[in-house]
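Engineer: Here you go, work.txt (compact mmCIF, C-alpha atoms):
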```txt
# COMPACT_ATOMS: atom_id res chain seq x y z
CA MET A 1 8.91 15.70 4.44
CA THR A 2 8.36 13.35 7.37
CA TYR A 3 11.41 14.09 9.49
CA THR A 4 13.44 17.26 9.72
CA PRO A 5 16.92 17.53 11.31
CA ALA A 6 15.28 19.38 14.19
CA THR A 7 12.85 16.51 14.73
CA ARG A 8 15.68 14.00 14.79
CA ARG A 9 17.67 16.10 17.25
CA ARG A 10 14.65 16.30 19.57
CA PHE A 11 14.21 12.54 19.32
CA LEU A 12 17.86 11.86 20.09
CA ARG A 13 17.80 14.28 23.04
CA THR A 14 14.79 12.39 24.40
CA LEU A 15 16.72 9.15 24.14
CA ALA A 16 19.77 10.69 25.81
CA ALA A 17 17.58 11.94 28.65
CA ALA A 18 16.40 8.36 29.12
CA ALA A 19 20.03 7.40 29.91
CA VAL A 20 20.64 5.29 26.81
CA GLY A 21 24.20 4.00 26.53
CA ALA A 22 26.55 5.91 24.24
CA PRO A 23 27.23 3.04 21.75
CA ILE A 24 23.62 2.49 20.78
CA LEU A 25 22.93 6.23 20.78
CA GLY A 26 25.80 6.60 18.34
CA ARG A 27 24.35 3.90 16.14
CA ILE A 28 20.97 5.65 16.15
CA GLU A 29 22.64 8.90 15.14
CA HIS A 30 24.52 7.12 12.35
CA ALA A 31 21.33 5.48 11.03
CA ALA A 32 19.47 8.79 11.10
CA ALA A 33 22.31 10.48 9.23
CA ALA A 34 22.31 7.68 6.63
CA VAL A 35 18.61 8.19 5.85
CA ASP A 36 19.08 11.96 5.63
CA GLY A 37 22.21 11.54 3.50
CA SER A 38 20.43 9.23 1.09
CA ALA A 39 17.55 11.68 0.88
CA ARG A 40 19.88 14.57 0.05
CA ALA A 41 21.78 12.50 -2.53
CA LEU A 42 18.59 11.36 -4.23
CA ARG A 43 17.46 14.94 -4.72
CA THR A 44 20.45 15.56 -6.98
CA GLY A 45 20.15 14.74 -10.66
CA VAL A 46 16.72 13.16 -10.36
CA GLY A 47 15.91 10.98 -13.38
CA ALA A 48 19.43 10.92 -14.81
CA PRO A 49 21.15 7.55 -15.46
CA ALA A 50 23.61 8.14 -12.62
CA TRP A 51 20.73 8.96 -10.27
CA LEU A 52 18.92 5.76 -11.22
CA GLU A 53 22.05 3.70 -10.63
CA ALA A 54 22.52 5.37 -7.24
CA LEU A 55 18.93 4.50 -6.37
CA ARG A 56 19.51 0.85 -7.29
CA THR A 57 22.48 0.57 -4.94
CA ARG A 58 20.20 1.33 -2.00
CA TYR A 59 18.36 -1.98 -2.23
CA MET A 60 19.30 -5.44 -0.99
CA LEU A 61 17.83 -7.83 -3.57
CA ALA A 62 19.89 -10.97 -4.04
CA PRO A 63 22.02 -11.23 -7.19
CA GLY A 64 20.32 -13.33 -9.82
CA ILE A 65 16.80 -12.34 -8.77
CA THR A 66 14.61 -10.32 -11.14
CA TYR A 67 12.02 -9.02 -8.72
CA LEU A 68 8.80 -8.03 -10.48
CA ASN A 69 6.49 -8.61 -7.52
CA HIS A 70 6.42 -5.38 -5.51
CA ALA A 71 2.62 -5.48 -5.54
CA SER A 72 2.87 -8.47 -3.19
CA ILE A 73 5.77 -7.43 -0.96
CA GLY A 74 7.95 -4.37 -1.49
CA THR A 75 11.67 -4.03 -0.88
CA VAL A 76 12.97 -1.91 2.00
CA PRO A 77 15.82 0.48 1.08
CA ARG A 78 19.03 -0.27 2.96
CA PRO A 79 19.12 3.06 4.90
CA VAL A 80 15.56 2.44 6.14
CA HIS A 81 16.42 -1.15 7.06
CA GLU A 82 19.51 -0.03 9.01
CA ALA A 83 17.54 2.63 10.86
CA HIS A 84 14.92 0.04 11.77
CA ALA A 85 17.62 -2.35 13.02
CA ALA A 86 19.06 0.41 15.21
CA TYR A 87 15.66 1.16 16.70
CA LEU A 88 15.16 -2.54 17.45
CA GLU A 89 18.50 -2.72 19.23
CA LEU A 90 17.67 0.42 21.19
CA CYS A 91 14.37 -1.10 22.28
CA GLU A 92 16.20 -4.05 23.83
CA THR A 93 18.41 -1.81 25.99
CA HIS A 94 15.41 -0.89 28.16
CA PRO A 95 12.35 -2.82 26.93
CA SER A 96 9.70 -1.49 29.28
CA LEU A 97 10.77 2.11 28.65
CA TYR A 98 10.86 1.79 24.88
CA VAL A 99 7.65 -0.23 24.55
CA TRP A 100 5.47 1.54 27.12
CA GLY A 101 7.29 4.80 27.76
CA ASP A 102 7.24 8.18 26.05
CA PRO A 103 10.47 8.23 23.97
CA TRP A 104 8.81 7.01 20.75
CA ARG A 105 5.73 9.21 20.93
CA GLU A 106 6.97 12.45 19.43
CA VAL A 107 8.66 10.87 16.46
CA THR A 108 5.68 8.53 15.91
CA GLU A 109 3.43 11.56 15.59
CA GLU A 110 5.87 12.96 13.04
CA THR A 111 5.48 9.68 11.14
CA ARG A 112 1.71 10.05 11.24
CA ALA A 113 1.93 13.63 9.99
CA GLY A 114 4.22 12.61 7.12
CA ALA A 115 1.89 9.82 6.08
CA ALA A 116 -1.06 12.22 6.20
CA ARG A 117 0.76 14.66 3.93
CA LEU A 118 1.40 11.88 1.42
CA LEU A 119 -2.31 11.03 1.41
CA GLY A 120 -3.82 14.52 1.42
CA ALA A 121 -5.32 13.82 4.84
CA ASP A 122 -5.59 15.21 8.35
CA PRO A 123 -3.35 13.32 10.82
CA GLU A 124 -6.28 13.02 13.21
CA ASP A 125 -8.06 10.86 10.62
CA LEU A 126 -5.19 8.36 10.25
CA ALA A 127 -4.42 5.27 12.33
CA ILE A 128 -1.16 3.33 12.02
CA THR A 129 -2.23 -0.32 11.99
CA HIS A 130 -0.73 -3.64 10.91
CA ASN A 131 -2.04 -4.10 7.34
CA THR A 132 -4.90 -3.37 4.97
CA THR A 133 -6.91 -6.39 6.11
CA GLU A 134 -7.01 -5.10 9.66
CA GLY A 135 -8.81 -1.98 8.48
CA PHE A 136 -11.45 -4.07 6.73
CA ASN A 137 -11.90 -6.23 9.81
CA VAL A 138 -12.59 -3.10 11.88
CA LEU A 139 -15.18 -2.09 9.28
CA ALA A 140 -16.80 -5.53 8.98
CA HIS A 141 -17.06 -5.90 12.75
CA GLY A 142 -18.30 -2.40 13.49
CA LEU A 143 -20.01 -0.71 10.55
CA PRO A 144 -23.61 -0.03 11.65
CA LEU A 145 -25.37 -2.28 9.16
CA ASP A 146 -28.92 -3.49 9.79
CA ALA A 147 -30.25 -6.97 9.07
CA GLY A 148 -30.74 -7.31 5.32
CA ASP A 149 -28.40 -4.45 4.43
CA GLU A 150 -26.02 -5.30 1.60
CA VAL A 151 -22.25 -4.91 1.15
CA LEU A 152 -21.27 -4.96 -2.54
CA PHE A 153 -17.93 -5.42 -4.28
CA SER A 154 -16.62 -6.62 -7.65
CA ASN A 155 -14.57 -9.66 -8.65
CA LEU A 156 -11.50 -7.41 -8.54
CA ASN A 157 -11.81 -7.05 -4.77
CA HIS A 158 -8.84 -8.53 -2.90
CA PRO A 159 -9.64 -11.34 -0.42
CA GLY A 160 -8.32 -9.19 2.42
CA ALA A 161 -11.06 -6.68 1.68
CA ALA A 162 -13.72 -9.33 1.00
CA VAL A 163 -13.34 -12.20 3.46
CA PRO A 164 -13.97 -10.10 6.62
CA TRP A 165 -17.41 -9.18 5.26
CA GLU A 166 -18.17 -12.75 4.23
CA ARG A 167 -17.23 -14.12 7.65
CA MET A 168 -19.18 -11.48 9.59
CA ALA A 169 -22.33 -11.48 7.43
CA ALA A 170 -24.03 -14.48 9.04
CA ARG A 171 -23.17 -13.33 12.55
CA ARG A 172 -24.42 -9.78 12.06
CA GLY A 173 -27.28 -10.39 9.63
CA PHE A 174 -26.16 -8.28 6.67
CA ARG A 175 -25.67 -9.66 3.15
CA VAL A 176 -22.61 -9.74 0.89
CA ARG A 177 -22.79 -9.79 -2.89
CA ALA A 178 -20.14 -9.71 -5.61
CA PHE A 179 -20.58 -8.72 -9.23
CA ASP A 180 -18.32 -9.27 -12.22
CA LEU A 181 -16.32 -6.70 -14.11
CA PRO A 182 -15.50 -8.60 -17.34
CA LEU A 183 -11.77 -9.21 -17.38
CA ASP A 184 -11.63 -9.30 -21.18
CA GLY A 185 -13.13 -5.80 -21.24
CA ILE A 186 -10.70 -4.23 -18.77
CA PRO A 187 -8.18 -2.99 -21.39
CA ASP A 188 -10.73 -0.68 -23.01
CA MET A 189 -12.63 0.49 -19.93
CA GLY A 190 -12.81 4.22 -19.22
CA VAL A 191 -14.10 6.28 -16.32
CA ASP A 192 -17.72 6.36 -17.45
CA GLU A 193 -17.96 2.60 -17.96
CA VAL A 194 -16.31 1.76 -14.63
CA VAL A 195 -18.69 4.10 -12.81
CA ALA A 196 -21.74 2.86 -14.73
CA ARG A 197 -20.99 -0.82 -14.06
CA HIS A 198 -20.77 -0.18 -10.32
CA VAL A 199 -23.98 1.83 -10.24
CA GLU A 200 -25.83 -0.76 -12.35
CA ALA A 201 -24.79 -3.49 -9.90
CA LEU A 202 -26.42 -1.77 -6.90
CA GLY A 203 -29.39 -3.38 -5.22
CA SER A 204 -32.22 -1.80 -3.29
CA ARG A 205 -30.50 -2.60 0.05
CA THR A 206 -26.89 -1.84 -0.93
CA ARG A 207 -25.54 0.34 1.87
CA ALA A 208 -21.78 -0.12 1.49
CA VAL A 209 -19.60 -0.56 -1.60
CA VAL A 210 -16.01 -1.79 -1.30
CA VAL A 211 -13.59 -0.92 -4.11
CA PRO A 212 -9.84 -1.08 -4.68
CA HIS A 213 -8.23 2.22 -5.65
CA VAL A 214 -5.81 0.16 -7.77
CA ASP A 215 -6.77 -3.47 -8.09
CA ASN A 216 -4.37 -6.26 -7.26
CA GLN A 217 -4.82 -8.33 -10.43
CA VAL A 218 -4.78 -6.15 -13.56
CA GLY A 219 -3.88 -2.74 -12.10
CA LEU A 220 -7.15 -0.96 -12.93
CA ARG A 221 -7.15 2.49 -11.32
CA LEU A 222 -10.65 3.34 -10.18
CA PRO A 223 -11.77 7.00 -10.43
CA LEU A 224 -12.60 7.50 -6.76
CA ALA A 225 -14.09 11.00 -6.86
CA GLU A 226 -16.42 10.26 -9.79
CA LEU A 227 -17.31 6.83 -8.45
CA SER A 228 -18.08 7.91 -4.89
CA ARG A 229 -20.21 10.80 -6.14
CA ALA A 230 -22.26 8.51 -8.39
CA LEU A 231 -22.70 5.87 -5.71
CA ARG A 232 -23.92 8.40 -3.16
CA ASN A 233 -26.35 9.87 -5.67
CA ALA A 234 -27.69 6.33 -6.10
CA GLY A 235 -28.27 5.94 -2.35
CA VAL A 236 -25.08 4.21 -1.12
CA ARG A 237 -24.19 5.31 2.39
CA TRP A 238 -20.55 4.21 2.68
CA VAL A 239 -17.76 3.94 0.09
CA LEU A 240 -14.85 1.92 1.49
CA VAL A 241 -11.51 1.68 -0.32
CA ASP A 242 -8.67 -0.81 -0.45
CA GLY A 243 -5.60 1.38 -0.93
CA ALA A 244 -2.97 -1.34 -0.56
CA GLN A 245 -1.76 -0.88 -4.15
CA SER A 246 -2.07 2.90 -4.39
CA ALA A 247 -0.39 4.54 -1.39
CA GLY A 248 3.14 5.42 -2.49
CA MET A 249 2.59 4.38 -6.12
CA ILE A 250 0.07 6.95 -7.40
CA ASP A 251 -1.14 10.32 -6.14
CA VAL A 252 -3.71 9.95 -3.36
CA ASP A 253 -5.83 12.88 -2.19
CA LEU A 254 -8.24 11.59 0.41
CA SER A 255 -9.60 15.06 1.17
CA ALA A 256 -10.99 15.19 -2.39
CA SER A 257 -11.94 11.53 -2.80
CA GLY A 258 -15.39 11.59 -1.22
CA VAL A 259 -14.86 8.17 0.39
CA ASP A 260 -15.48 7.13 4.01
CA ALA A 261 -12.57 4.81 4.79
CA TYR A 262 -9.29 3.88 3.11
CA ALA A 263 -7.03 1.03 4.33
CA MET A 264 -3.40 0.61 3.22
CA SER A 265 -0.25 -1.54 3.46
CA PRO A 266 2.87 0.67 3.26
CA HIS A 267 5.20 -2.33 2.93
CA LYS A 268 4.40 -2.43 -0.80
CA TRP A 269 5.03 0.91 -2.53
CA ILE A 270 6.12 3.08 0.42
CA GLN A 271 8.72 0.37 1.14
CA SER A 272 8.35 0.39 4.91
CA PRO A 273 9.18 -2.51 7.23
CA LYS A 274 6.66 -5.34 7.05
CA GLY A 275 3.78 -5.65 9.50
CA LEU A 276 2.51 -2.08 9.18
CA GLY A 277 -0.73 -0.64 7.85
CA MET A 278 -2.51 2.69 7.68
CA PHE A 279 -6.23 3.19 8.11
CA TRP A 280 -7.93 6.48 7.24
CA VAL A 281 -11.44 6.99 8.61
CA ALA A 282 -13.51 10.10 7.87
CA PRO A 283 -14.77 11.96 10.98
CA ALA A 284 -18.44 11.26 10.21
CA LEU A 285 -17.80 7.52 10.05
CA ARG A 286 -15.67 7.54 13.22
CA ALA A 287 -18.71 8.75 15.12
CA GLU A 288 -20.43 5.45 14.21
CA LEU A 289 -17.55 2.97 13.94
CA PRO A 290 -16.28 1.53 17.25
CA PRO A 291 -12.68 0.36 17.62
CA MET A 292 -11.99 -3.37 17.57
CA TRP A 293 -9.15 -3.24 20.13
CA HIS A 294 -9.34 -1.97 23.72
CA ARG A 295 -6.44 -1.70 26.14
CA THR A 296 -6.93 -3.14 29.59
CA GLY A 297 -6.72 0.31 31.16
CA GLY A 298 -8.91 2.00 28.58
CA SER A 299 -7.61 4.13 25.76
CA GLY A 300 -8.67 7.63 26.69
CA ARG A 301 -7.77 8.68 23.17
CA GLY A 302 -10.87 10.61 22.28
CA PRO A 303 -12.47 10.84 18.84
CA SER A 304 -9.37 10.68 16.59
CA ALA A 305 -8.49 7.70 14.40
CA ARG A 306 -5.88 6.71 17.01
CA GLN A 307 -8.67 4.73 18.67
CA TYR A 308 -8.24 2.10 15.92
CA GLU A 309 -4.59 1.46 16.88
CA ASP A 310 -5.10 1.06 20.63
CA TYR A 311 -2.83 -1.99 21.01
CA SER A 312 -0.80 -1.21 24.14
CA THR A 313 2.28 -3.37 23.33
CA ARG A 314 3.38 -3.01 19.73
CA ALA A 315 6.45 -2.92 17.49
CA TRP A 316 7.31 0.77 17.89
CA PRO A 317 10.66 0.49 16.03
CA ALA A 318 8.81 -0.45 12.83
CA VAL A 319 6.39 2.46 13.28
CA VAL A 320 9.29 4.87 13.63
CA ALA A 321 11.04 3.35 10.61
CA LEU A 322 7.89 3.99 8.58
CA GLY A 323 8.81 7.64 8.97
CA ASP A 324 12.22 6.93 7.48
CA ALA A 325 10.56 5.14 4.55
CA LEU A 326 8.38 8.19 3.97
CA THR A 327 11.46 10.42 4.06
CA PHE A 328 13.16 8.21 1.46
CA GLN A 329 10.14 8.28 -0.86
CA ASP A 330 9.72 12.02 -0.40
CA ALA A 331 13.32 12.52 -1.52
CA ILE A 332 12.55 10.82 -4.84
CA GLY A 333 9.54 13.09 -5.33
CA ALA A 334 6.01 12.41 -6.51
CA ASP A 335 6.58 13.90 -9.96
CA GLU A 336 9.65 11.76 -10.64
CA LYS A 337 7.90 8.64 -9.39
CA ALA A 338 4.96 9.30 -11.70
CA ARG A 339 7.27 9.94 -14.65
CA ARG A 340 9.36 6.84 -14.01
CA TYR A 341 6.38 4.53 -13.50
CA ALA A 342 4.69 5.89 -16.63
CA ALA A 343 7.86 5.26 -18.64
CA LEU A 344 8.21 1.68 -17.35
CA ARG A 345 4.56 0.93 -17.97
CA GLY A 346 4.67 2.37 -21.49
CA ASP A 347 7.80 0.40 -22.28
CA ILE A 348 6.20 -2.89 -21.17
CA GLN A 349 2.98 -2.11 -23.04
CA ALA A 350 4.84 -1.38 -26.28
CA ARG A 351 6.94 -4.51 -25.97
CA VAL A 352 3.89 -6.74 -25.36
CA ALA A 353 2.18 -5.23 -28.42
CA ASP A 354 5.17 -6.35 -30.53
CA GLU A 355 5.08 -9.96 -29.30
CA PRO A 356 2.46 -12.22 -30.97
CA GLY A 357 2.74 -14.71 -28.12
CA LEU A 358 1.77 -12.17 -25.47
CA ARG A 359 -1.48 -10.34 -24.74
CA TRP A 360 -1.88 -7.14 -22.73
CA ALA A 361 -4.67 -7.63 -20.14
CA SER A 362 -4.48 -4.33 -18.23
CA PRO A 363 -6.10 -0.96 -19.04
CA VAL A 364 -4.73 0.56 -22.23
CA SER A 365 -5.36 4.09 -20.97
CA ALA A 366 -2.64 5.54 -18.75
CA ARG A 367 -5.32 7.29 -16.68
CA MET A 368 -7.00 3.99 -15.88
CA GLY A 369 -3.77 2.04 -15.40
CA SER A 370 -0.93 1.79 -12.91
CA MET A 371 2.45 0.13 -12.35
CA ILE A 372 0.66 -3.20 -12.00
CA VAL A 373 0.33 -4.82 -15.43
CA ALA A 374 -1.12 -8.18 -16.44
CA VAL A 375 0.13 -10.16 -19.42
CA GLU A 376 -1.17 -13.41 -20.87
CA VAL A 377 1.25 -15.94 -22.37
CA ARG A 378 -0.84 -17.36 -25.20
CA GLY A 379 -1.50 -21.07 -25.10
CA ARG A 380 -0.02 -21.58 -21.62
CA SER A 381 -1.19 -21.83 -18.05
CA ALA A 382 -0.04 -18.70 -16.21
CA PRO A 383 0.80 -20.59 -12.97
CA ASP A 384 2.93 -23.05 -14.95
CA VAL A 385 4.83 -20.26 -16.70
CA GLY A 386 5.27 -18.36 -13.44
CA GLU A 387 6.81 -21.40 -11.78
CA GLU A 388 9.15 -21.94 -14.73
CA LEU A 389 10.27 -18.30 -14.71
CA MET A 390 11.22 -18.49 -11.04
CA SER A 391 12.76 -21.95 -10.91
CA ALA A 392 14.77 -21.70 -14.13
CA HIS A 393 15.54 -17.99 -14.40
CA GLY A 394 15.04 -16.35 -11.00
CA ILE A 395 12.22 -14.14 -12.31
CA ASN A 396 9.59 -13.47 -9.65
CA VAL A 397 6.12 -12.51 -10.93
CA ARG A 398 2.62 -13.22 -9.60
CA ALA A 399 0.52 -15.73 -11.56
CA PHE A 400 -3.27 -15.70 -11.67
CA GLY A 401 -4.97 -18.85 -12.95
CA GLY A 402 -8.53 -19.60 -13.90
CA SER A 403 -10.34 -17.27 -16.26
CA ALA A 404 -7.70 -14.58 -15.73
CA ASN A 405 -4.70 -16.73 -16.75
CA THR A 406 -2.25 -13.84 -16.56
CA LEU A 407 1.14 -13.01 -15.12
CA ARG A 408 1.27 -9.83 -13.06
CA LEU A 409 4.37 -7.68 -13.39
CA SER A 410 4.92 -4.99 -10.77
CA PRO A 411 8.43 -3.51 -11.05
CA ASN A 412 9.76 -0.83 -8.75
CA LEU A 413 11.30 2.54 -9.63
CA ALA A 414 14.78 1.06 -9.52
CA THR A 415 14.04 -2.07 -11.59
CA PRO A 416 16.40 -2.05 -14.60
CA GLU A 417 14.69 -2.03 -18.00
CA GLU A 418 17.01 -4.78 -19.19
CA GLN A 419 15.69 -7.08 -16.47
CA ILE A 420 12.10 -6.37 -17.50
CA HIS A 421 12.88 -7.02 -21.17
CA ALA A 422 14.69 -10.25 -20.30
CA ALA A 423 11.61 -11.39 -18.40
CA LEU A 424 9.38 -10.52 -21.36
CA ASP A 425 11.76 -12.45 -23.67
CA ARG A 426 11.32 -15.54 -21.49
CA MET A 427 7.54 -15.09 -21.41
CA ALA A 428 7.34 -14.69 -25.18
CA GLY A 429 9.52 -17.76 -25.63
CA ALA A 430 7.15 -19.79 -23.45
CA ALA A 431 4.11 -19.07 -25.66
CA ARG A 432 2.59 -21.71 -27.93
```
Could the structure of this file be written out as structure tokens, please?

Structural biologist:
Amino acid sequence: MTYTPATRRRFLRTLAAAAVGAPILGRIEHAAAAVDGSARALRTGVGAPAWLEALRTRYMLAPGITYLNHASIGTVPRPVHEAHAAYLELCETHPSLYVWGDPWREVTEETRAGAARLLGADPEDLAITHNTTEGFNVLAHGLPLDAGDEVLFSNLNHPGAAVPWERMAARRGFRVRAFDLPLDGIPDMGVDEVVARHVEALGSRTRAVVVPHVDNQVGLRLPLAELSRALRNAGVRWVLVDGAQSAGMIDVDLSASGVDAYAMSPHKWIQSPKGLGMFWVAPALRAELPPMWHRTGGSGRGPSARQYEDYSTRAWPAVVALGDALTFQDAIGADEKARRYAALRGDIQARVADEPGLRWASPVSARMGSMIVAVEVRGRSAPDVGEELMSAHGINVRAFGGSANTLRLSPNLATPEEQIHAALDRMAGAAR
């Protein structure tokens, strides 16, 4: 668990020692108690209908909105939002103290430790950044690639993990190449085929391979341990992972993954405040990868991954509230999250199979899939259907055009099944 009552008491004592006024200190205490109270309540009756209804009451989605787009932007639980608001107000009572001073440091390190536990990582290997793309910019600017070396990724790579390499290639002299994983073959792909297609795509100068752990478009879950082992055996030096869609949604064990770097956006499935990222860098790579940011006075941070978050002024209240988001997710529990997501995914898959006007475009295998699912509405343009769903029915999905031509559904744990089925009814009715 990210925070303990003892940690909170130490934090509040630090604030009191800094001569914070009693009203705002009381609000901080109330917000902290609300997060802890929600966590305790959510541990009772996990999975039962009453528990699910209690979970739903902790979100702030507008009435009339069916939100099936958590893979783009997640929803912050109300207790986490209120804690964040209290930290923001506190910051304004003494800005220089709470931006540059020590009061946030202890609890921020607790946040880092909680995130590391979620990821099966050492806290020293984890930086708290702004988003996934920042991690890939650090890599594209600083990875020690020679002229002619190649960076490889597939068509499932997100632009945030692709564009930094494309922009830096000409300046630094390395090459970038993409290869296609056939979208029509994704439903039947297994571990061996995914690994084989990546290995077959390697060139003689491929030094780095960029992969999503869970891809943004069809929800393919790549087998990181098997893939990284095969790539290294084939001569690849660095395996770099986009974890924006995995952290908080599926189990992540970076200590067993065999990869070199893993960048994340906790605002999606960890449901933290926006504008936060996490960037895990293995010790061996840190020895070669310089930071992109340098404070005016010098960082003096040593060899840990903290060197990649050396911003000086930053939004500390959001960083602290990330710890509250981790506490909230921890209260639900990894096993219950896995069970609930598997049930939702299976329900959608079965429903799509029963609708002649719909086609399932994501992996059929649960092992290869995730809570991101892609569905084609036969005979229709996906962007057109997506616009109709939102404008006429308040159903928010992500549409992919072109050869994909699919609607991406990414519900959250608390999304009611009846809302999902109503969305599928509308999609089936739109088919031709």

Engineer: With only C-alpha atoms as the basis for distance, which of A:Thr75, A:Ser391, A:Ser362, A:Asn131 is at the shortest distance from Met60 (chain A)?

Structural biologist: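 For Met60 (chain A), the nearest of the candidates is A:Thr75.
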
Engineer: Check the smallest atom-to-atom distance from each of A:Val241, A:Leu389, A:Ala428, A:Ala414 to Leu55 (chain A) using only C-alpha atoms, then report the winner.

Structural biologist: A:Ala414

Engineer: Determine, counting all atoms listed in the file, which protein, DNA and RNA residues have an atom within 8 Å of an atom of region 153-159 of chain A; residues of the same chain fewer than 4 positions away are not included. Present the result as a PyMOL selection string.

Structural biologist: chain A and resi 163+177-181+209-212+215-217

Engineer: Which one of A:Gln329, A:Pro182, A:Ala374, A:Gly135 sits closest to Trp165 (chain A) if you count only C-alpha atoms?

Structural biologist: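 Answer, going by the shortest atom-to-atom distance: A:Gly135.
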
Engineer: To one decimal place, how far is CA of Cys91 (chain A) from CA of Trp316 (chain A) in Å?

Structural biologist: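 Rounded to one decimal, the two atoms are 8.5 Å apart.
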
Engineer: Using only C-alpha atoms, which protein or nucleic acid residues come within 12 Å of Val259 (chain A)? Drop anything in the same chain fewer than 3 positions from it, and give the result as a ChimeraX atom specification.

Structural biologist: /A:121,208-213,223-232,236-243,252-256,262-263,280-285

Engineer: Identify, on the basis of only C-alpha atoms, every residue whose closest approach to Glu376 (chain A) does not exceed 6 Å; exclude the query and any residue fewer than 3 positions from it along the same chain; express the result as a CSV table (one decimal) with C-alpha atoms, in the frame of the given file.

Structural biologist:
```
chain,number,residue,atom,x,y,z
A,358,LEU,CA,1.8,-12.2,-25.5
A,359,ARG,CA,-1.5,-10.3,-24.7
A,406,THR,CA,-2.2,-13.8,-16.6
```

Engineer: List every protein, DNA or RNA residue that has an atom no more than 8 Å from (-2.1, 4.4, -1.3) in the file's coordinate frame, counting only C-alpha atoms, and report them as a short mmCIF file (atom, residue, chain, number, x, y, z; two decimals) with C-alpha atoms, in the coordinates of the input.

Structural biologist:
```
data_model
loop_
_atom_site.label_atom_id
_atom_site.label_comp_id
_atom_site.auth_asym_id
_atom_site.auth_seq_id
_atom_site.Cartn_x
_atom_site.Cartn_y
_atom_site.Cartn_z
CA LEU A 119 -2.31 11.03 1.41
CA HIS A 213 -8.23 2.22 -5.65
CA GLY A 243 -5.60 1.38 -0.93
CA ALA A 244 -2.97 -1.34 -0.56
CA GLN A 245 -1.76 -0.88 -4.15
CA SER A 246 -2.07 2.90 -4.39
CA ALA A 247 -0.39 4.54 -1.39
CA GLY A 248 3.14 5.42 -2.49
CA MET A 249 2.59 4.38 -6.12
CA ILE A 250 0.07 6.95 -7.40
CA ASP A 251 -1.14 10.32 -6.14
CA VAL A 252 -3.71 9.95 -3.36
CA MET A 264 -3.40 0.61 3.22
CA SER A 265 -0.25 -1.54 3.46
CA PRO A 266 2.87 0.67 3.26
#
```

Engineer: Can you list, as a ChimeraX atom specification, every protein, DNA or RNA residue that comes within 9 Å of Val99 (chain A) when you count all atoms listed in the file, leaving out same-chain residues fewer than 4 positions away?

Structural biologist: /A:91,94-95,103-104,312-316

Engineer: So what do you get for CA of Pro317 (chain A) versus CA of His84 (chain A), distance-wise?

Structural biologist: 6.0 Å

Engineer: Grab the CA of Leu143 (chain A) to CA of Leu289 (chain A) distance for me, in Å with one decimal place.

Structural biologist: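 Interatomic distance, CA of Leu143 (chain A) to CA of Leu289 (chain A): 5.6 Å.
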